[in-house]
>>> print(open('coords_38.cif').read())   # mmCIF, C-alpha atoms and all ligand atoms
data_entry
loop_
_atom_site.group_PDB
_atom_site.id
_atom_site.type_symbol
_atom_site.label_atom_id
_atom_site.label_comp_id
_atom_site.auth_asym_id
_atom_site.auth_seq_id
_atom_site.Cartn_x
_atom_site.Cartn_y
_atom_site.Cartn_z
ATOM 1 C CA MET J 1 27.758 92.902 240.764
ATOM 2 C CA GLU J 2 25.237 90.328 239.588
ATOM 3 C CA SER J 3 25.951 91.036 235.931
ATOM 4 C CA LYS J 4 29.728 90.729 236.604
ATOM 5 C CA ILE J 5 29.201 87.248 238.094
ATOM 6 C CA SER J 6 26.924 86.080 235.300
ATOM 7 C CA ARG J 7 29.379 87.448 232.718
ATOM 8 C CA ARG J 8 32.198 85.545 234.424
ATOM 9 C CA LYS J 9 30.085 82.386 234.487
ATOM 10 C CA LEU J 10 29.258 82.798 230.837
ATOM 11 C CA LEU J 11 32.947 83.276 230.027
ATOM 12 C CA GLN J 12 33.910 80.207 232.072
ATOM 13 C CA THR J 13 31.229 78.141 230.356
ATOM 14 C CA GLY J 14 32.406 79.408 226.979
ATOM 15 C CA ILE J 15 36.050 78.572 227.714
ATOM 16 C CA GLY J 16 34.986 75.155 229.060
ATOM 17 C CA ALA J 17 32.993 74.473 225.910
ATOM 18 C CA VAL J 18 35.925 75.513 223.702
ATOM 19 C CA LEU J 19 38.359 73.324 225.661
ATOM 20 C CA LEU J 20 36.103 70.309 226.187
ATOM 21 C CA GLY J 21 34.044 70.506 223.021
ATOM 22 C CA PRO J 22 36.520 69.050 220.521
ATOM 23 C CA PRO J 23 37.654 66.150 222.757
ATOM 24 C CA ALA J 24 34.037 65.319 223.611
ATOM 25 C CA TYR J 25 33.181 65.431 219.911
ATOM 26 C CA ALA J 26 36.224 63.282 218.987
ATOM 27 C CA VAL J 27 35.329 60.628 221.555
ATOM 28 C CA GLY J 28 31.548 60.763 221.624
ATOM 29 C CA VAL J 29 30.357 61.918 218.216
ATOM 30 C CA GLU J 30 32.720 61.392 215.308
ATOM 31 C CA PRO J 31 33.553 57.680 215.883
ATOM 32 C CA LYS J 32 29.810 56.971 215.461
ATOM 33 C CA TRP J 33 29.276 59.347 212.523
ATOM 34 C CA LEU J 34 29.496 57.035 209.538
ATOM 35 C CA ALA J 35 30.309 58.511 206.138
ATOM 36 C CA LEU J 36 29.580 56.983 202.771
ATOM 37 C CA GLU J 37 32.393 57.919 200.385
ATOM 38 C CA ARG J 38 31.576 57.482 196.696
ATOM 39 C CA LEU J 39 34.259 57.484 194.034
ATOM 40 C CA GLN J 40 34.501 56.540 190.364
ATOM 41 C CA ILE J 41 37.589 54.530 189.460
ATOM 42 C CA PRO J 42 38.595 54.383 185.778
ATOM 43 C CA ILE J 43 40.048 50.986 184.883
ATOM 44 C CA GLU J 44 41.932 50.540 181.628
ATOM 45 C CA GLY J 45 40.414 47.783 179.506
ATOM 46 C CA LEU J 46 37.531 47.141 181.907
ATOM 47 C CA PRO J 47 35.305 44.666 180.067
ATOM 48 C CA PRO J 48 31.863 46.060 179.132
ATOM 49 C CA GLY J 49 30.134 43.581 181.447
ATOM 50 C CA PHE J 50 31.859 45.237 184.438
ATOM 51 C CA GLU J 51 31.138 48.845 183.441
ATOM 52 C CA GLY J 52 29.542 50.545 186.451
ATOM 53 C CA THR J 53 30.362 47.720 188.879
ATOM 54 C CA LYS J 54 29.820 48.996 192.421
ATOM 55 C CA VAL J 55 32.327 47.795 195.015
ATOM 56 C CA ALA J 56 31.469 48.394 198.671
ATOM 57 C CA VAL J 57 34.421 48.478 201.073
ATOM 58 C CA ILE J 58 34.229 47.912 204.841
ATOM 59 C CA SER J 59 37.532 47.712 206.686
ATOM 60 C CA ASP J 60 39.265 47.925 210.057
ATOM 61 C CA VAL J 61 36.325 46.851 212.175
ATOM 62 C CA HIS J 62 38.601 45.939 215.112
ATOM 63 C CA TYR J 63 35.697 44.105 216.744
ATOM 64 C CA PRO J 64 34.872 44.340 219.618
ATOM 65 C CA LYS J 65 37.250 47.137 220.701
ATOM 66 C CA ASN J 66 35.220 50.344 221.000
ATOM 67 C CA ILE J 67 32.687 49.104 218.453
ATOM 68 C CA SER J 68 29.290 47.508 218.991
ATOM 69 C CA LYS J 69 27.553 44.807 217.020
ATOM 70 C CA GLY J 70 24.874 47.381 216.206
ATOM 71 C CA PHE J 71 27.400 49.775 214.676
ATOM 72 C CA VAL J 72 28.911 47.057 212.472
ATOM 73 C CA ASP J 73 25.401 46.111 211.411
ATOM 74 C CA ARG J 74 24.675 49.775 210.599
ATOM 75 C CA ALA J 75 27.810 49.983 208.428
ATOM 76 C CA CYS J 76 26.762 46.809 206.612
ATOM 77 C CA GLY J 77 23.280 48.264 206.142
ATOM 78 C CA LEU J 78 24.757 51.464 204.704
ATOM 79 C CA ALA J 79 26.812 49.434 202.220
ATOM 80 C CA MET J 80 23.807 47.319 201.241
ATOM 81 C CA SER J 81 21.616 50.393 200.737
ATOM 82 C CA GLU J 82 23.753 51.091 197.640
ATOM 83 C CA SER J 83 23.035 47.618 196.163
ATOM 84 C CA PRO J 84 26.735 46.848 195.569
ATOM 85 C CA ASP J 85 27.765 44.266 192.990
ATOM 86 C CA LEU J 86 30.730 43.250 195.106
ATOM 87 C CA VAL J 87 31.634 43.695 198.789
ATOM 88 C CA VAL J 88 35.232 43.595 200.030
ATOM 89 C CA LEU J 89 36.662 43.706 203.560
ATOM 90 C CA PRO J 90 40.442 44.244 203.514
ATOM 91 C CA GLY J 91 41.297 43.253 207.069
ATOM 92 C CA ASP J 92 41.569 43.993 210.775
ATOM 93 C CA PHE J 93 38.374 42.156 211.617
ATOM 94 C CA VAL J 94 39.567 41.843 215.217
ATOM 95 C CA ASP J 95 41.734 43.911 217.540
ATOM 96 C CA GLY J 96 44.743 43.101 219.657
ATOM 97 C CA HIS J 97 48.070 41.359 219.799
ATOM 98 C CA ASP J 98 47.445 38.767 222.493
ATOM 99 C CA ARG J 99 47.063 35.262 221.072
ATOM 100 C CA SER J 100 46.061 33.910 224.470
ATOM 101 C CA LYS J 101 42.800 35.874 224.172
ATOM 102 C CA ARG J 102 39.837 34.281 222.432
ATOM 103 C CA VAL J 103 38.914 35.471 218.972
ATOM 104 C CA PRO J 104 35.502 37.165 219.323
ATOM 105 C CA ASN J 105 32.356 35.467 218.151
ATOM 106 C CA MET J 106 31.260 37.076 214.877
ATOM 107 C CA ARG J 107 27.850 35.423 214.632
ATOM 108 C CA GLY J 108 25.315 37.859 213.181
ATOM 109 C CA LEU J 109 27.876 40.611 212.666
ATOM 110 C CA TYR J 110 27.939 40.551 208.874
ATOM 111 C CA ASP J 111 24.678 38.776 208.101
ATOM 112 C CA ARG J 112 23.342 41.594 205.931
ATOM 113 C CA LEU J 113 26.218 41.381 203.458
ATOM 114 C CA ARG J 114 25.460 39.830 200.115
ATOM 115 C CA ALA J 115 26.334 40.759 196.547
ATOM 116 C CA PRO J 116 26.026 39.115 193.127
ATOM 117 C CA LEU J 117 29.824 38.985 192.703
ATOM 118 C CA GLY J 118 30.418 37.894 196.281
ATOM 119 C CA VAL J 119 31.594 39.097 199.670
ATOM 120 C CA TRP J 120 35.365 38.729 199.945
ATOM 121 C CA GLY J 121 37.974 39.541 202.558
ATOM 122 C CA SER J 122 41.678 39.494 203.367
ATOM 123 C CA VAL J 123 43.497 39.581 206.698
ATOM 124 C CA GLY J 124 45.072 42.570 208.410
ATOM 125 C CA ASN J 125 47.908 42.903 210.904
ATOM 126 C CA HIS J 126 45.620 42.557 213.932
ATOM 127 C CA ASP J 127 44.042 39.384 212.509
ATOM 128 C CA VAL J 128 47.487 37.807 212.140
ATOM 129 C CA ALA J 129 48.601 39.066 215.557
ATOM 130 C CA MET J 130 45.545 37.528 217.223
ATOM 131 C CA GLY J 131 46.003 34.206 215.425
ATOM 132 C CA GLU J 132 45.298 34.041 211.705
ATOM 133 C CA ARG J 133 43.988 30.481 211.743
ATOM 134 C CA GLN J 134 41.534 31.163 214.525
ATOM 135 C CA VAL J 135 40.309 34.391 212.898
ATOM 136 C CA LEU J 136 39.851 32.650 209.536
ATOM 137 C CA ARG J 137 37.987 29.795 211.236
ATOM 138 C CA GLU J 138 35.625 32.206 212.984
ATOM 139 C CA ILE J 139 34.967 34.147 209.765
ATOM 140 C CA ALA J 140 34.270 30.905 207.857
ATOM 141 C CA ARG J 141 31.994 29.586 210.583
ATOM 142 C CA ASN J 142 29.918 32.641 211.365
ATOM 143 C CA THR J 143 29.999 35.112 208.476
ATOM 144 C CA PRO J 144 29.174 35.151 204.752
ATOM 145 C CA ILE J 145 32.699 36.432 203.956
ATOM 146 C CA ARG J 146 35.011 34.306 201.829
ATOM 147 C CA MET J 147 38.648 34.999 202.618
ATOM 148 C CA LEU J 148 41.454 35.169 200.075
ATOM 149 C CA ALA J 149 45.124 34.754 201.004
ATOM 150 C CA ASN J 150 47.744 35.025 198.260
ATOM 151 C CA GLU J 151 45.214 33.784 195.758
ATOM 152 C CA HIS J 152 42.602 35.117 193.366
ATOM 153 C CA VAL J 153 39.165 34.481 192.020
ATOM 154 C CA ILE J 154 37.927 35.286 188.537
ATOM 155 C CA LEU J 155 34.654 37.185 188.701
ATOM 156 C CA ARG J 156 32.405 36.657 185.696
ATOM 157 C CA ARG J 157 29.622 38.702 184.169
ATOM 158 C CA GLY J 158 28.150 37.349 180.990
ATOM 159 C CA GLY J 159 31.177 36.464 178.901
ATOM 160 C CA ASP J 160 33.477 38.972 180.665
ATOM 161 C CA SER J 161 36.012 38.426 183.447
ATOM 162 C CA LEU J 162 37.674 40.490 186.166
ATOM 163 C CA CYS J 163 40.313 39.269 188.603
ATOM 164 C CA LEU J 164 39.956 39.838 192.350
ATOM 165 C CA ALA J 165 43.168 38.938 194.167
ATOM 166 C CA ALA J 166 44.430 39.314 197.728
ATOM 167 C CA VAL J 167 47.672 39.085 199.658
ATOM 168 C CA GLY J 168 48.434 38.416 203.309
ATOM 169 C CA ASP J 169 49.411 41.171 205.710
ATOM 170 C CA LEU J 170 52.541 43.134 204.835
ATOM 171 C CA TRP J 171 53.715 43.545 208.445
ATOM 172 C CA TYR J 172 53.021 40.182 210.072
ATOM 173 C CA GLY J 173 51.897 37.851 207.303
ATOM 174 C CA VAL J 174 53.009 36.628 203.888
ATOM 175 C CA VAL J 175 52.752 38.691 200.720
ATOM 176 C CA ASP J 176 53.213 36.477 197.681
ATOM 177 C CA LEU J 177 52.104 38.180 194.490
ATOM 178 C CA GLU J 178 53.454 35.369 192.286
ATOM 179 C CA ARG J 179 50.934 33.050 193.922
ATOM 180 C CA SER J 180 48.270 35.687 194.189
ATOM 181 C CA LEU J 181 48.293 36.694 190.522
ATOM 182 C CA GLY J 182 49.768 33.532 189.025
ATOM 183 C CA GLY J 183 48.066 32.424 185.804
ATOM 184 C CA VAL J 184 45.930 35.544 185.377
ATOM 185 C CA PRO J 185 46.079 36.680 181.735
ATOM 186 C CA HIS J 186 47.872 40.028 181.461
ATOM 187 C CA GLU J 187 45.001 41.636 179.598
ATOM 188 C CA MET J 188 42.571 40.909 182.436
ATOM 189 C CA PRO J 189 42.140 43.869 184.846
ATOM 190 C CA ARG J 190 42.867 43.084 188.491
ATOM 191 C CA LEU J 191 41.723 44.412 191.849
ATOM 192 C CA LEU J 192 43.998 43.556 194.762
ATOM 193 C CA LEU J 193 43.057 43.457 198.442
ATOM 194 C CA SER J 194 46.044 44.349 200.608
ATOM 195 C CA HIS J 195 45.317 45.500 204.138
ATOM 196 C CA ASN J 196 48.455 47.622 204.189
ATOM 197 C CA PRO J 197 48.578 50.364 201.526
ATOM 198 C CA ASP J 198 52.407 50.589 201.574
ATOM 199 C CA LEU J 199 52.559 47.638 199.184
ATOM 200 C CA ALA J 200 51.614 49.990 196.321
ATOM 201 C CA GLU J 201 54.850 51.929 196.939
ATOM 202 C CA ASP J 202 57.066 48.970 197.857
ATOM 203 C CA LEU J 203 56.732 47.098 194.560
ATOM 204 C CA ALA J 204 58.909 47.893 191.578
ATOM 205 C CA PRO J 205 56.938 49.775 188.911
ATOM 206 C CA GLY J 206 55.723 47.577 186.066
ATOM 207 C CA ARG J 207 56.477 44.252 187.767
ATOM 208 C CA TYR J 208 52.824 43.304 188.210
ATOM 209 C CA ARG J 209 49.692 44.553 186.552
ATOM 210 C CA ILE J 210 47.477 45.770 189.363
ATOM 211 C CA ASP J 211 44.695 48.139 188.324
ATOM 212 C CA LEU J 212 43.553 49.055 191.802
ATOM 213 C CA GLN J 213 44.680 48.038 195.257
ATOM 214 C CA ILE J 214 42.081 48.369 198.002
ATOM 215 C CA SER J 215 43.461 48.945 201.492
ATOM 216 C CA GLY J 216 42.661 50.136 205.000
ATOM 217 C CA HIS J 217 45.054 50.121 207.976
ATOM 218 C CA THR J 218 45.702 53.856 208.401
ATOM 219 C CA HIS J 219 42.243 54.782 209.736
ATOM 220 C CA GLY J 220 42.503 58.181 208.062
ATOM 221 C CA GLY J 221 45.086 59.281 210.638
ATOM 222 C CA GLU J 222 42.396 58.887 213.346
ATOM 223 C CA VAL J 223 42.827 62.262 215.095
ATOM 224 C CA LEU J 224 43.959 64.968 212.727
ATOM 225 C CA VAL J 225 45.491 67.262 215.318
ATOM 226 C CA PRO J 226 49.240 68.033 215.223
ATOM 227 C CA GLY J 227 50.978 65.655 217.606
ATOM 228 C CA LEU J 228 48.019 63.282 217.877
ATOM 229 C CA SER J 229 47.577 62.144 214.262
ATOM 230 C CA PHE J 230 48.775 58.591 213.657
ATOM 231 C CA THR J 231 49.311 57.122 210.185
ATOM 232 C CA PRO J 232 51.097 53.747 210.421
ATOM 233 C CA SER J 233 52.923 53.914 207.092
ATOM 234 C CA LYS J 234 56.538 54.149 205.964
ATOM 235 C CA TYR J 235 55.427 56.842 203.568
ATOM 236 C CA GLY J 236 54.094 59.469 205.958
ATOM 237 C CA ASP J 237 50.635 60.730 205.086
ATOM 238 C CA LYS J 238 50.712 59.630 201.442
ATOM 239 C CA PHE J 239 48.349 56.732 202.134
ATOM 240 C CA ARG J 240 46.381 58.312 204.955
ATOM 241 C CA GLN J 241 43.087 58.096 203.079
ATOM 242 C CA GLY J 242 41.484 58.185 199.648
ATOM 243 C CA LEU J 243 42.876 57.466 196.214
ATOM 244 C CA ALA J 244 46.665 57.674 195.898
ATOM 245 C CA ALA J 245 49.213 56.825 193.236
ATOM 246 C CA GLY J 246 51.834 54.402 194.522
ATOM 247 C CA LEU J 247 55.111 53.879 192.660
ATOM 248 C CA SER J 248 53.746 50.601 191.329
ATOM 249 C CA HIS J 249 49.999 51.197 191.072
ATOM 250 C CA ARG J 250 46.987 53.079 192.430
ATOM 251 C CA VAL J 251 45.503 52.369 195.805
ATOM 252 C CA TYR J 252 42.259 53.368 197.441
ATOM 253 C CA VAL J 253 42.677 53.663 201.211
ATOM 254 C CA THR J 254 39.483 53.584 203.218
ATOM 255 C CA ARG J 255 39.431 55.105 206.693
ATOM 256 C CA GLY J 256 37.653 51.986 207.971
ATOM 257 C CA ILE J 257 34.850 51.893 210.503
ATOM 258 C CA GLY J 258 36.488 51.047 213.841
ATOM 259 C CA SER J 259 38.107 53.380 216.371
ATOM 260 C CA PRO J 260 40.531 51.241 218.354
ATOM 261 C CA ARG J 261 42.092 54.298 220.008
ATOM 262 C CA PHE J 262 38.730 55.647 221.236
ATOM 263 C CA ALA J 263 38.646 58.794 219.142
ATOM 264 C CA ARG J 264 38.382 60.170 215.630
ATOM 265 C CA PHE J 265 38.727 63.794 214.611
ATOM 266 C CA MET J 266 38.423 64.908 210.981
ATOM 267 C CA ALA J 267 38.650 61.225 210.048
ATOM 268 C CA ARG J 268 35.091 59.942 210.129
ATOM 269 C CA PRO J 269 34.476 56.201 209.956
ATOM 270 C CA GLU J 270 33.858 55.275 206.359
ATOM 271 C CA VAL J 271 31.999 52.849 204.178
ATOM 272 C CA SER J 272 33.320 53.281 200.642
ATOM 273 C CA LEU J 273 31.509 52.752 197.376
ATOM 274 C CA LEU J 274 33.846 52.504 194.402
ATOM 275 C CA THR J 275 32.268 52.480 190.959
ATOM 276 C CA LEU J 276 34.433 50.942 188.238
ATOM 277 C CA VAL J 277 34.256 52.679 184.882
ATOM 278 C CA ARG J 278 35.989 51.882 181.637
ATOM 279 C CA SER J 279 38.998 53.991 180.782
ATOM 280 C CA PRO J 280 40.171 53.856 177.142
ATOM 281 C CA ARG J 281 43.625 52.409 176.496
ATOM 282 C CA PRO J 282 46.164 55.240 175.978
HETATM 283 FE FE FE J 301 43.218 48.801 211.577
#
>>> encode(input="coords_38.cif", output="structure tokens", more="lines below")
Ligand SMILES: [Fe+2]
Amino acid sequence: MESKISRRKLLQTGIGAVLLGPPAYAVGVEPKWLALERLQIPIEGLPPGFEGTKVAVISDVHYPKNISKGFVDRACGLAMSESPDLVVLPGDFVDGHDRSKRVPNMRGLYDRLRAPLGVWGSVGNHDVAMGERQVLREIARNTPIRMLANEHVILRRGGDSLCLAAVGDLWYGVVDLERSLGGVPHEMPRLLLSHNPDLAEDLAPGRYRIDLQISGHTHGGEVLVPGLSFTPSKYGDKFRQGLAAGLSHRVYVTRGIGSPRFARFMARPEVSLLTLVRSPRP
């Protein structure tokens, strides 16, 4: 009799663990389990001075929704542990759609970030929805991040140059590539920050030279379970995560570090480290 009861208890515990284990993991473990994703990106005509340039990417922080200051600091520390040459943050610094709410104070959040070629950002849909001007003001006041909006900077190493450009948000903002890339010599390789990866598919092939777009927005699908996965893209799962070939150009889509919907499953929060390498002209 006793062994029957203990067997039943064991079975119940086992079934409970099977049923509750994955949700508990998705809510309590994975959103805090940061991954460092390393990838080499061949760039045609990359000047020798930029060979091996390490680009750290931190995106979709969605502060302070379901993310602590300590976790953001940990992600920044992970990026800095790789001694990046350049740090980029392609949007969704804040979370929400209610402009009547105050933009959160970002003092101290990104203090660790520094890189010889700079720390640059662009806005995402949540930043625009919460009030682009206020978000930009807060970032300028309390972080080391310099924001780009439909403009570019020329990064220099020795006598060599590389263009870093950015556009506004594809859903709620302004995307103006004429302004963003205007005046950049065609032979100069370009990186483009665009929060939304769909831009790489939306543009007509060959219209603009863009060597690599760096995006976030899709959060890696967040919960990779049929019926629960969510990839906010016109193109299904094509730009869910990682390196993808758009109709116009390549895009690297980081899963980002925030978890605005509480959970992640098979889509760990990510700090990315992209290493640029020279690819010979065909
Ligand atoms: Fe996001």
>>> residues_around(input="coords_38.cif", residues="J:Leu136", least_positions_apart="2", cutoff="12 Å", atoms="all atoms listed in the file", output="number ranges by chain")
J: 91-94, 103-106, 121-124, 127-128, 130-134, 138-149
>>> residues_around(input="coords_38.cif", residues="J:Leu224", least_positions_apart="6", cutoff="12 Å", atoms="all atoms listed in the file", output="list in words")
Pro22, Pro23, Ala26, Phe230, Thr231, Asp237, Arg240, Gln241, Ala263, Arg264, Phe265, Met266, Ala267 and Arg268 of chain J
>>> resolve_selection(input="coords_38.cif", expression="the PyMOL selection byres (((chain J and resi 273) around 6) and not hetatm)", output="PyMOL selection string")
chain J and resi 38+55-56+272+274
>>> closest_residue(input="coords_38.cif", among="J:Phe239, J:Pro90, J:Asn196, J:Leu20", to="J:Ala165", atoms="only C-alpha atoms")
J:Pro90
>>> atom_distance(input="coords_38.cif", atom1="atom CA of J:Ile58", atom2="atom CA of J:Val88")
6.5 Å
>>> residues_near_ligand(input="coords_38.cif", ligand="ligand FE 301 (chain J)", cutoff="8 Å", atoms="all atoms listed in the file", output="PDB file with C-alpha atoms, keeping the file's coordinate frame")
ATOM      1  CA  SER J  59      37.532  47.712 206.686  1.00  0.00           C
ATOM      2  CA  ASP J  60      39.265  47.925 210.057  1.00  0.00           C
ATOM      3  CA  VAL J  61      36.325  46.851 212.175  1.00  0.00           C
ATOM      4  CA  HIS J  62      38.601  45.939 215.112  1.00  0.00           C
ATOM      5  CA  GLY J  91      41.297  43.253 207.069  1.00  0.00           C
ATOM      6  CA  ASP J  92      41.569  43.993 210.775  1.00  0.00           C
ATOM      7  CA  ASP J  95      41.734  43.911 217.540  1.00  0.00           C
ATOM      8  CA  GLY J 124      45.072  42.570 208.410  1.00  0.00           C
ATOM      9  CA  ASN J 125      47.908  42.903 210.904  1.00  0.00           C
ATOM     10  CA  HIS J 126      45.620  42.557 213.932  1.00  0.00           C
ATOM     11  CA  GLY J 216      42.661  50.136 205.000  1.00  0.00           C
ATOM     12  CA  HIS J 217      45.054  50.121 207.976  1.00  0.00           C
ATOM     13  CA  THR J 218      45.702  53.856 208.401  1.00  0.00           C
ATOM     14  CA  HIS J 219      42.243  54.782 209.736  1.00  0.00           C
ATOM     15  CA  GLY J 256      37.653  51.986 207.971  1.00  0.00           C
ATOM     16  CA  GLY J 258      36.488  51.047 213.841  1.00  0.00           C
ATOM     17  CA  PRO J 260      40.531  51.241 218.354  1.00  0.00           C
TER      18      PRO J 260
END
>>> residues_near_point(input="coords_38.cif", point="(42.2, 45.7, 185.0)", cutoff="8 Å", atoms="only C-alpha atoms", output="list in words")
Ile43, Glu44, Gly45, Leu46, Leu162, Cys163, Glu187, Met188, Pro189, Arg190, Leu191, Arg209, Ile210, Asp211 and Leu212 of chain J
>>> resolve_selection(input="coords_38.cif", expression="the PyMOL selection byres (((chain J and resi 172) around 8) and not hetatm)", output="PyMOL selection string")
chain J and resi 125+128-129+169-171+173-174
>>> axis_aligned_box(input="coords_38.cif", around="stretch 221-228 of chain J", padding_each_side="8 Å", output="AutoDock Vina command-line options")
--center_x 46.7 --center_y 63.5 --center_z 214.3 --size_x 24.6 --size_y 25.1 --size_z 23.2
>>> atom_distance(input="coords_38.cif", atom1="atom CA of J:Ile67", atom2="atom CA of J:Asp111")
16.7 Å
>>> closest_residue(input="coords_38.cif", among="J:Arg250, J:Lys32, J:Arg156, J:His186", to="J:Asp198", atoms="only C-alpha atoms")
J:Arg250
>>> resolve_selection(input="coords_38.cif", expression="the PyMOL selection byres (((chain J and resi 66) around 7) and not hetatm)", output="PyMOL selection string")
chain J and resi 64-65+67-68+259-260+262
>>> closest_residue(input="coords_38.cif", among="J:Gly158, J:Gly183, J:Gly70, J:Pro116", to="J:Ser83", atoms="only C-alpha atoms")
J:Pro116
>>> closest_residue(input="coords_38.cif", among="J:Glu51, J:Asp160, J:Glu82, J:Glu151", to="J:Leu192", atoms="all atoms listed in the file")
J:Glu151
>>> residues_around(input="coords_38.cif", residues="stretch 244-247 of chain J", least_positions_apart="6", cutoff="10 Å", atoms="all atoms listed in the file", output="PyMOL selection string")
chain J and resi 197-206+212-213+238+253
>>> closest_residue(input="coords_38.cif", among="J:Ile41, J:Ala79, J:Val175, J:Leu113", to="J:Val277", atoms="all atoms listed in the file")
J:Ile41
>>> closest_residue(input="coords_38.cif", among="J:Glu178, J:Glu30, J:Asp85, J:Glu270", to="J:Gly52", atoms="only C-alpha atoms")
J:Asp85
